[in-house]
Every structure is written in structure tokens, then in C-alpha cells.
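Below is protein-v4.cif, holding mmCIF, C-alpha atoms and all ligand atoms.
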```
data_entry
#
loop_
_atom_site.label_atom_id
_atom_site.label_comp_id
_atom_site.auth_asym_id
_atom_site.auth_seq_id
_atom_site.Cartn_x
_atom_site.Cartn_y
_atom_site.Cartn_z
CA MET A 6 54.12 19.22 107.28
CA ALA A 7 53.47 21.31 110.34
CA ALA A 8 51.74 24.64 109.73
CA ILE A 9 53.08 26.06 112.98
CA GLU A 10 56.13 24.95 114.90
CA LEU A 11 57.28 26.62 118.09
CA ASP A 12 60.38 25.32 119.77
CA GLY A 13 61.28 26.61 123.22
CA VAL A 14 59.74 30.02 122.56
CA THR A 15 60.07 32.50 125.40
CA LYS A 16 58.98 36.13 125.39
CA ARG A 17 59.77 38.46 128.24
CA PHE A 18 58.55 42.02 128.63
CA GLY A 19 60.88 43.39 131.31
CA ASP A 20 60.16 41.30 134.41
CA VAL A 21 57.06 39.70 132.91
CA THR A 22 57.49 36.35 131.20
CA ALA A 23 54.52 36.28 128.83
CA VAL A 24 55.50 33.03 127.08
CA ASP A 25 57.77 30.55 128.78
CA GLY A 26 59.61 27.88 126.79
CA LEU A 27 56.64 27.05 124.58
CA ASP A 28 56.89 23.95 122.38
CA LEU A 29 53.91 23.61 120.07
CA THR A 30 53.15 21.95 116.75
CA VAL A 31 49.98 22.54 114.76
CA GLU A 32 49.63 20.27 111.76
CA GLU A 33 48.43 21.46 108.37
CA GLY A 34 44.65 21.32 108.05
CA GLU A 35 44.13 21.17 111.81
CA VAL A 36 41.66 23.36 113.70
CA PHE A 37 43.62 24.21 116.81
CA GLY A 38 42.02 25.86 119.83
CA PHE A 39 44.43 27.87 121.95
CA LEU A 40 42.83 28.18 125.35
CA GLY A 41 43.93 30.08 128.37
CA PRO A 42 42.78 32.55 130.98
CA ASN A 43 43.43 36.29 130.69
CA GLY A 44 47.12 37.05 130.60
CA ALA A 45 48.16 33.46 129.83
CA GLY A 46 50.19 34.58 126.81
CA LYS A 47 47.87 33.74 123.90
CA SER A 48 48.07 37.08 122.11
CA THR A 49 51.81 37.28 122.66
CA THR A 50 52.20 33.86 121.02
CA ILE A 51 50.08 35.01 118.07
CA ASN A 52 52.14 38.18 117.78
CA VAL A 53 55.29 36.08 117.68
CA LEU A 54 53.82 33.96 114.85
CA LEU A 55 53.18 37.12 112.86
CA ASP A 56 56.49 38.78 113.77
CA PHE A 57 54.68 41.64 115.49
CA VAL A 58 56.73 40.71 118.54
CA ARG A 59 60.18 39.12 118.53
CA PRO A 60 60.78 36.21 120.92
CA THR A 61 63.44 36.51 123.59
CA ALA A 62 64.45 32.92 122.86
CA GLY A 63 63.36 29.95 120.77
CA ARG A 64 62.61 29.00 117.19
CA VAL A 65 59.44 29.77 115.24
CA GLU A 66 58.28 28.36 111.92
CA VAL A 67 55.03 29.28 110.18
CA LEU A 68 54.06 27.49 106.95
CA GLY A 69 57.64 26.25 106.78
CA MET A 70 59.05 29.78 106.94
CA ASP A 71 60.85 31.89 109.49
CA PRO A 72 58.43 34.75 110.25
CA GLN A 73 61.30 37.08 111.09
CA ARG A 74 63.10 36.64 107.78
CA GLU A 75 60.05 35.98 105.61
CA SER A 76 57.35 38.03 107.29
CA VAL A 77 55.85 39.29 104.02
CA ALA A 78 55.55 35.77 102.59
CA VAL A 79 54.03 34.49 105.84
CA ARG A 80 51.48 37.31 105.97
CA GLU A 81 50.54 36.83 102.31
CA ARG A 82 49.43 33.29 103.07
CA THR A 83 47.86 34.05 106.44
CA GLY A 84 44.49 35.57 107.29
CA VAL A 85 44.44 37.29 110.65
CA LEU A 86 41.60 38.41 112.87
CA PRO A 87 43.48 40.44 115.45
CA GLU A 88 42.36 40.89 119.04
CA GLY A 89 40.55 44.19 119.53
CA PHE A 90 40.23 44.90 115.80
CA SER A 91 38.96 48.41 115.20
CA VAL A 92 37.32 49.55 112.00
CA TYR A 93 38.12 52.62 109.94
CA ASP A 94 35.07 54.66 110.89
CA ARG A 95 34.72 56.49 107.59
CA LEU A 96 35.09 53.48 105.31
CA THR A 97 32.14 51.28 104.44
CA GLY A 98 32.19 47.56 105.06
CA ARG A 99 32.71 46.94 101.35
CA GLU A 100 35.64 49.39 101.27
CA HIS A 101 37.28 47.47 104.11
CA LEU A 102 37.04 44.32 102.05
CA GLU A 103 38.24 46.06 98.90
CA PHE A 104 41.25 47.23 100.91
CA ALA A 105 41.92 43.68 102.12
CA ILE A 106 41.51 42.29 98.60
CA GLU A 107 43.88 44.87 97.16
CA SER A 108 46.54 44.46 99.83
CA LYS A 109 46.46 40.67 99.41
CA ASP A 110 46.35 40.99 95.65
CA ALA A 111 43.42 38.59 95.81
CA ASP A 112 40.67 37.89 93.35
CA ALA A 113 37.67 37.93 95.70
CA ASP A 114 34.22 39.43 95.31
CA PRO A 115 33.59 41.79 98.25
CA ASP A 116 29.85 41.16 98.11
CA ALA A 117 30.32 37.41 98.28
CA VAL A 118 32.50 37.87 101.38
CA LEU A 119 29.97 40.26 102.95
CA ASP A 120 27.28 37.69 102.32
CA ARG A 121 29.38 34.90 103.81
CA VAL A 122 29.91 36.74 107.09
CA GLY A 123 26.29 37.86 107.36
CA LEU A 124 26.78 41.48 106.33
CA ALA A 125 24.95 41.42 103.00
CA GLY A 126 22.85 44.57 102.99
CA ASP A 127 25.26 46.43 105.31
CA GLY A 128 28.16 46.74 102.87
CA ASP A 129 27.40 50.35 101.97
CA ARG A 130 27.17 51.52 105.58
CA LYS A 131 30.11 53.28 107.20
CA ALA A 132 31.79 50.76 109.49
CA GLY A 133 31.97 53.39 112.24
CA GLY A 134 28.25 52.78 112.71
CA TYR A 135 28.58 49.01 112.95
CA SER A 136 27.82 47.21 116.19
CA LYS A 137 30.66 45.33 117.89
CA GLY A 138 29.43 42.03 116.47
CA MET A 139 29.17 43.50 112.96
CA ALA A 140 32.72 44.82 113.22
CA GLN A 141 33.84 41.38 114.29
CA ARG A 142 32.08 39.82 111.30
CA LEU A 143 33.81 42.34 109.05
CA ALA A 144 37.17 41.47 110.57
CA LEU A 145 36.51 37.79 109.94
CA GLY A 146 35.59 38.59 106.34
CA MET A 147 38.86 40.48 105.88
CA ALA A 148 40.78 37.51 107.31
CA LEU A 149 39.10 35.15 104.82
CA VAL A 150 40.09 37.17 101.75
CA GLY A 151 42.43 35.31 99.41
CA ASP A 152 41.73 31.81 100.80
CA PRO A 153 44.70 31.86 103.18
CA ASP A 154 46.53 28.65 104.03
CA LEU A 155 46.53 29.67 107.69
CA LEU A 156 43.85 31.52 109.59
CA ILE A 157 44.85 33.06 112.89
CA LEU A 158 41.82 34.18 114.83
CA ASP A 159 42.35 35.90 118.17
CA GLU A 160 39.14 35.60 120.22
CA PRO A 161 36.98 35.44 117.07
CA SER A 162 33.70 35.01 118.90
CA SER A 163 34.08 38.14 121.02
CA GLY A 164 31.11 40.43 120.48
CA LEU A 165 29.16 37.86 118.50
CA ASP A 166 25.66 36.80 119.50
CA PRO A 167 24.96 33.05 119.65
CA ALA A 168 23.83 32.96 116.01
CA GLY A 169 26.95 34.88 114.95
CA ALA A 170 29.18 32.57 116.98
CA LYS A 171 27.56 29.56 115.29
CA GLU A 172 28.10 31.12 111.84
CA MET A 173 31.72 31.79 112.75
CA ARG A 174 32.18 28.15 113.74
CA ASP A 175 30.57 27.02 110.48
CA ILE A 176 32.98 29.21 108.53
CA VAL A 177 35.92 27.80 110.49
CA ARG A 178 34.81 24.29 109.54
CA GLU A 179 34.36 25.27 105.87
CA GLU A 180 37.85 26.75 105.85
CA ALA A 181 39.28 23.57 107.39
CA ASP A 182 37.41 21.48 104.80
CA ARG A 183 39.05 23.57 102.09
CA GLY A 184 42.39 22.56 103.63
CA ALA A 185 43.26 25.65 105.66
CA THR A 186 44.85 25.40 109.08
CA VAL A 187 42.94 27.36 111.72
CA PHE A 188 44.60 28.57 114.90
CA PHE A 189 42.22 30.30 117.21
CA SER A 190 42.54 31.56 120.69
CA SER A 191 39.67 31.77 123.07
CA HIS A 192 38.59 31.69 126.63
CA VAL A 193 35.05 30.98 125.43
CA LEU A 194 35.33 27.30 126.03
CA GLY A 195 32.19 26.24 124.21
CA GLN A 196 33.57 27.73 121.00
CA VAL A 197 36.66 25.60 121.19
CA GLU A 198 34.84 22.46 122.24
CA ALA A 199 32.45 22.77 119.31
CA VAL A 200 34.89 23.27 116.50
CA CYS A 201 38.46 22.26 117.31
CA ASP A 202 40.28 19.07 116.48
CA THR A 203 42.94 19.77 119.06
CA VAL A 204 43.12 22.01 122.09
CA GLY A 205 46.17 23.45 123.77
CA ILE A 206 45.80 24.97 127.22
CA LEU A 207 48.16 27.74 128.20
CA ARG A 208 48.76 28.76 131.80
CA ASN A 209 51.28 31.42 132.79
CA GLY A 210 52.92 31.22 129.38
CA GLU A 211 53.35 27.44 129.57
CA LEU A 212 51.48 24.77 127.67
CA VAL A 213 49.92 22.58 130.36
CA ALA A 214 48.01 20.24 128.06
CA LYS A 215 47.54 19.47 124.39
CA ASP A 216 45.12 16.87 123.12
CA SER A 217 41.72 16.32 121.55
CA VAL A 218 38.76 17.50 123.61
CA GLU A 219 37.85 13.89 124.34
CA GLY A 220 41.39 13.04 125.36
CA LEU A 221 41.53 15.99 127.73
CA ARG A 222 38.24 14.94 129.28
CA GLU A 223 39.52 11.49 129.94
CA ALA A 224 42.66 12.93 131.49
CA VAL A 225 40.69 15.02 133.92
CA GLY A 226 38.73 12.10 135.25
CA SER A 227 35.51 10.26 134.75
CA GLY A 228 33.74 13.53 134.25
CA ALA A 229 30.40 14.09 135.96
CA THR A 230 29.32 17.28 137.67
CA LEU A 231 26.56 16.92 140.23
CA SER A 232 24.61 20.02 141.26
CA ILE A 233 22.59 19.63 144.43
CA THR A 234 20.18 22.27 145.68
CA ALA A 235 20.59 22.24 149.46
CA ASP A 236 21.35 24.91 152.02
CA GLY A 237 23.02 24.74 155.40
CA VAL A 238 25.84 22.54 154.12
CA THR A 239 28.87 22.90 156.38
CA ASP A 240 32.57 22.36 155.71
CA GLU A 241 32.33 19.09 157.65
CA ASP A 242 29.51 17.93 155.38
CA LEU A 243 31.64 18.75 152.35
CA ASP A 244 34.58 16.87 153.86
CA ALA A 245 32.34 13.83 154.28
CA VAL A 246 31.38 14.08 150.60
CA ARG A 247 35.00 14.53 149.53
CA ALA A 248 35.96 11.41 151.47
CA LEU A 249 33.62 9.24 149.39
CA ASP A 250 35.00 6.91 146.73
CA GLY A 251 34.82 8.44 143.25
CA VAL A 252 34.56 12.04 144.44
CA ASP A 253 37.23 14.41 143.15
CA ALA A 254 36.01 17.75 144.51
CA ALA A 255 33.07 19.32 146.32
CA SER A 256 32.16 22.94 146.99
CA THR A 257 29.12 25.04 147.84
CA ASP A 258 28.01 28.61 147.25
CA GLY A 259 25.49 28.35 150.11
CA ALA A 260 22.52 27.27 147.98
CA THR A 261 24.02 24.73 145.59
CA VAL A 262 26.58 22.03 146.24
CA THR A 263 28.74 21.20 143.22
CA VAL A 264 30.52 17.87 143.16
CA GLN A 265 32.96 16.53 140.58
CA CYS A 266 32.63 12.77 140.70
CA ASP A 267 32.20 9.46 138.90
CA PRO A 268 28.61 9.17 137.74
CA GLU A 269 28.26 6.05 139.96
CA ALA A 270 29.10 8.05 143.09
CA LYS A 271 25.96 10.18 142.79
CA THR A 272 23.75 8.12 145.13
CA ALA A 273 26.43 7.95 147.80
CA VAL A 274 26.92 11.75 147.67
CA ILE A 275 23.24 12.48 148.14
CA GLY A 276 23.01 9.79 150.83
CA ALA A 277 25.93 11.34 152.74
CA LEU A 278 24.27 14.76 152.74
CA GLU A 279 20.93 13.32 153.85
CA ASP A 280 22.65 11.32 156.61
CA ALA A 281 24.06 14.63 157.84
CA GLY A 282 20.52 15.96 158.17
CA ILE A 283 20.61 18.10 155.00
CA ALA A 284 17.37 18.46 153.06
CA VAL A 285 18.24 17.82 149.42
CA GLU A 286 15.68 19.79 147.43
CA ASP A 287 16.80 18.92 143.94
CA PHE A 288 19.79 17.63 142.02
CA SER A 289 21.03 17.24 138.46
CA THR A 290 24.00 15.53 136.87
CA ARG A 291 25.80 16.49 133.74
CA GLU A 292 28.87 15.30 131.93
CA SER A 293 31.78 17.51 132.93
CA SER A 294 32.14 20.25 130.36
CA LEU A 295 35.31 21.59 128.91
CA GLU A 296 34.81 24.49 131.29
CA ASP A 297 35.18 22.19 134.30
CA LEU A 298 38.18 20.73 132.59
CA PHE A 299 39.66 24.09 131.76
CA LEU A 300 39.29 25.22 135.37
CA ALA A 301 40.85 21.99 136.55
CA TYR A 302 43.88 22.71 134.37
CA THR A 303 44.18 26.41 134.96
CA GLU A 304 43.14 26.72 138.62
CA GLY A 305 43.75 23.37 140.23
CA ASP A 306 46.61 20.95 140.10
CA THR A 307 47.37 19.49 136.72
CA PRO A 308 46.05 15.93 136.72
CA ASP A 309 48.71 13.25 136.58
CA ASP A 310 46.51 10.21 136.32
CA GLY A 311 48.16 8.82 133.22
CA GLY A 312 45.15 9.58 131.06
CA GLU A 313 45.19 10.20 127.35
CA ALA A 314 46.37 13.80 127.51
CA GLU A 315 49.85 14.52 126.42
CA GLU A 316 51.20 16.21 129.52
CA VAL A 317 53.67 18.87 128.64
CA ASP A 318 56.26 19.84 131.18
CA ALA A 319 57.53 23.19 130.11
N1 LIG B 1 53.72 44.85 125.12
C1 LIG B 1 53.72 44.36 126.37
N2 LIG B 1 54.42 44.96 127.35
C2 LIG B 1 54.44 44.46 128.60
N3 LIG B 1 53.76 43.36 128.99
C3 LIG B 1 53.04 42.72 128.07
C4 LIG B 1 52.97 43.20 126.71
N4 LIG B 1 52.16 42.34 126.01
C5 LIG B 1 51.76 41.41 126.89
N5 LIG B 1 52.27 41.62 128.12
C6 LIG B 1 52.07 40.82 129.32
O1 LIG B 1 52.26 39.46 128.96
C7 LIG B 1 51.33 38.61 129.62
C8 LIG B 1 50.57 37.81 128.58
O2 LIG B 1 49.69 38.69 127.87
P1 LIG B 1 48.85 38.25 126.61
O3 LIG B 1 48.16 39.45 126.08
O4 LIG B 1 49.73 37.49 125.67
O5 LIG B 1 47.82 37.24 127.26
P2 LIG B 1 46.46 36.63 126.66
O6 LIG B 1 46.48 35.18 127.01
O7 LIG B 1 46.31 36.99 125.23
O8 LIG B 1 45.39 37.37 127.55
P3 LIG B 1 43.87 37.87 127.21
O9 LIG B 1 43.04 36.63 127.15
O10 LIG B 1 43.57 38.70 128.40
O11 LIG B 1 43.94 38.61 125.93
C9 LIG B 1 50.48 39.53 130.49
O12 LIG B 1 51.01 39.55 131.77
C10 LIG B 1 50.65 40.89 129.82
O13 LIG B 1 50.48 41.93 130.74
#
```
Starting from the file, give its structure as C-alpha cells.
Amino acid sequence: MAAIELDGVTKRFGDVTAVDGLDLTVEEGEVFGFLGPNGAGKSTTINVLLDFVRPTAGRVEVLGMDPQRESVAVRERTGVLPEGFSVYDRLTGREHLEFAIESKDADADPDAVLDRVGLAGDGDRKAGGYSKGMAQRLALGMALVGDPDLLILDEPSSGLDPAGAKEMRDIVREEADRGATVFFSSHVLGQVEAVCDTVGILRNGELVAKDSVEGLREAVGSGATLSITADGVTDEDLDAVRALDGVDAASTDGATVTVQCDPEAKTAVIGALEDAGIAVEDFSTRESSLEDLFLAYTEGDTPDDGGEAEEVDA
């Protein structure tokens, strides 16, 4: 069964269309990464799932229920880490968890949860004195209370240091192993790449791609990014590079030339620059990251090369 099913969901705020005819299915047990630039409509979609916002049009199902008619039942089985969570300054970390345990009528040990999210030893401190990352850990702990069937995490890594982000990803995996569905939004691409089974990319309220990370990579192209340290590169030089077989894109910031290309095109690219009289000081190649991919989907034209990605025309 699908944990989340959106069918033609549109949400308008006055003249602004935040979500535009969104069709989306997240299967039970899936870790789904909801990616998109600022303002793409991620939080609005999450608010629709939780019935904090009512859609202008479309059908929504969460855990087989209609969140508008069964909002209490949906929320009982869902753990939420909201965007911009703010703590109750005067309550301790443990009191926050006790509150979450009580309101979910759950049977959890607050200290075990504090320990799990890396706050053991800080449970008796007033949360008003927590750092941003500690508050985020606390919010994650509150979302985990009661072993929810669905975890909805809005930008869960915001404010976390690299170790905290890694711990968050480990927890997400543990929750998925337990059978929970995890839906998390992010524009921190590495977070999504590292932990998600499936990624959906939202642009201007529309789903522009949905696939596994690998599938999306294949759809974008052969996937190498070549960085060449060289100055004095002109537009004509870049045009010569772009004209080469296997080159998708080339740009420069004045000191470094960045080329998206097939790995085999590397020698030809460097040769073309050298033929133009450019002194190539250094170069490196890396597999295109999800970031390159994300930018290709959200800034450039959507690829239509018949790759593995399920293209979604909204
Ligand atoms: N309550 C509201 N009233 C008016 N406009 C809104 C409201 N909520 C969201 N919007 C608009 O809807 C669009 C989508 O916003 P949303 O917060 O869903 O995006 P997002 O993808 O979560 O962005 P971010 O990554 O910046 O949090 C934006 O243009 C935003 O200004």
C-alpha cells in the first residue's frame, strides 16, 4: 500500500501557485527525499499532508486516510519534524519529550530518546539555552516518539553539524529498517543522496523528476564534471569546448573552467583549451554529483534523453 498518495494536488495562495497539479506516490517503507530549491512548494506539500493547509484542488491520502476527515488518526501515526521548529524556552529537553510522549499516548522512555538523538546529559537543561543543532536534535527526538508509521521531516539536517547530520541519517535508516516510511524534504543534496531510496524533485510546485538517485544520474547524462584551473578563457574558447563531442556544458568563473562531459571527452577538452593558447595549470575530474543533477533539473532544461528517470509532465 502507498503511505502517501497525492493526485493532482494544487495549492494557491492568492496569485501564487505553491503546488501545481502534483501527482506523487510514496510506498510504505520507502525513504523518500523531496528535493527542491527555496519556494518550490515543499513545505506547502507537507502542510497539505498534515492538513495544516487545505489544497485548492486534488486528492490526498496519507496512510490510507483522508487527512482532512481523519486528521487526528493521521497525526497519531505520524512523527513530524516541522520546518523552523522552535522550542519552549522554559521547558527542559526531557520535558519536551515527556510532552510528546503524553500527547501521543506513547510508552517511550524520554532518556532513551535523548540518548538516541545525542542529547544524553542535556535533558535537564532548559531548551531555551540549546544551540540550533541541539534544538533540531530535540525536534527529531519528539518526532520519533511512539514509533510512528510515517516520519515527515522538513529540512531535518538544518542546523546540524556534519556529525549530527550523519547521526540523523543513521536514525532515518534505523526507522526505515523498522518499517517506517520516511518523507523528508531538503535542499541539502548530500543528505538526500546518502539516505534516500527515491528522490522527487520539485520545481515551481511541479514534480519534474522522480526516481532513484542512480536513475536520475543516468537521466542527466554520462555524468563527469571536469574542473580545470586556467585563466584568460574567453567565450570563444568555451564555445570551442562546448562544440566537442561528449560535452554537455562549459562555464568559467575566471579562474576555473567547469565542464559537464563524458569522462572520455576529458583529453579533447584540455587539448582544445591548450590549442587556443590557454595554460592549463591543473585539472580534476569527478563523477557528477546529485548537486550537478539537481541544478540541471531546477535551473536548466529538463533532460529528455530517454534515460531511466520517470519524467513527470505536470
Ligand atoms: N501561507 C502562505 N501565504 C502566501 N504564500 C505562501 C504561503 N505559504 C507558502 N507560500 C508561497 O508558496 C510558495 C512555496 O512555498 P513553500 O514554503 O512551500 O516552499 P519550500 O519549497 O518549502 O521553500 P523553502 O525551501 O524555502 O522552505 C512560495 O512562493 C511561498 O511564498
Shell of 7 Å around ligand LIG 1 (chain B) (all atoms listed in the file), written as a PyMOL selection string: chain A and resi 18+21-23+41-50+192
Exercise: residues within 7 Å of coordinate (51.9, 34.5, 108.8), counting only C-alpha atoms, as a list in words: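 Answer for this query, in the requested form: Leu54, Leu55, Val67, Pro72, Ser76, Val79, Arg80, Arg82 and Thr83 of chain A.
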Contacts between segment 247-260 of chain A and segment 129-238 of chain A, please, where a residue of segment 129-238 of chain A counts if it comes within 7 Å (with all atoms listed in the file); show its shortest atom pair and distance in Å to one decimal, rows by chain and ascending number, as CSV.
```
residue,atom,partner,partner_atom,distance
A:Thr234,CA,A:Ala260,CA,6.0
A:Ala235,CA,A:Ala260,CA,5.6
A:Asp236,CA,A:Ala260,CA,4.8
A:Gly237,CA,A:Gly259,CA,6.9
```
Segment 175-179 of chain A environment, 9 Å, only C-alpha atoms, sequence neighbours closer than 4 positions dropped, as a PDB file with C-alpha atoms, in the coordinates of the input:
```pdb
ATOM      1  CA  VAL A  36      41.660  23.360 113.700  1.00  0.00           C
ATOM      2  CA  ARG A 121      29.380  34.900 103.810  1.00  0.00           C
ATOM      3  CA  VAL A 122      29.910  36.740 107.090  1.00  0.00           C
ATOM      4  CA  LEU A 156      43.850  31.520 109.590  1.00  0.00           C
ATOM      5  CA  ALA A 170      29.180  32.570 116.980  1.00  0.00           C
ATOM      6  CA  LYS A 171      27.560  29.560 115.290  1.00  0.00           C
ATOM      7  CA  ARG A 183      39.050  23.570 102.090  1.00  0.00           C
ATOM      8  CA  GLY A 184      42.390  22.560 103.630  1.00  0.00           C
ATOM      9  CA  ALA A 185      43.260  25.650 105.660  1.00  0.00           C
ATOM     10  CA  VAL A 187      42.940  27.360 111.720  1.00  0.00           C
ATOM     11  CA  VAL A 200      34.890  23.270 116.500  1.00  0.00           C
ATOM     12  CA  CYS A 201      38.460  22.260 117.310  1.00  0.00           C
TER      13      CYS A 201
END
```
Minimum-distance residue to Arg130 of chain A, chosen among A:Leu96, A:Leu149, A:Ser108, A:Phe39 (using all atoms listed in the file):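 Distance minimum relative to Arg130 of chain A lands on A:Leu96.
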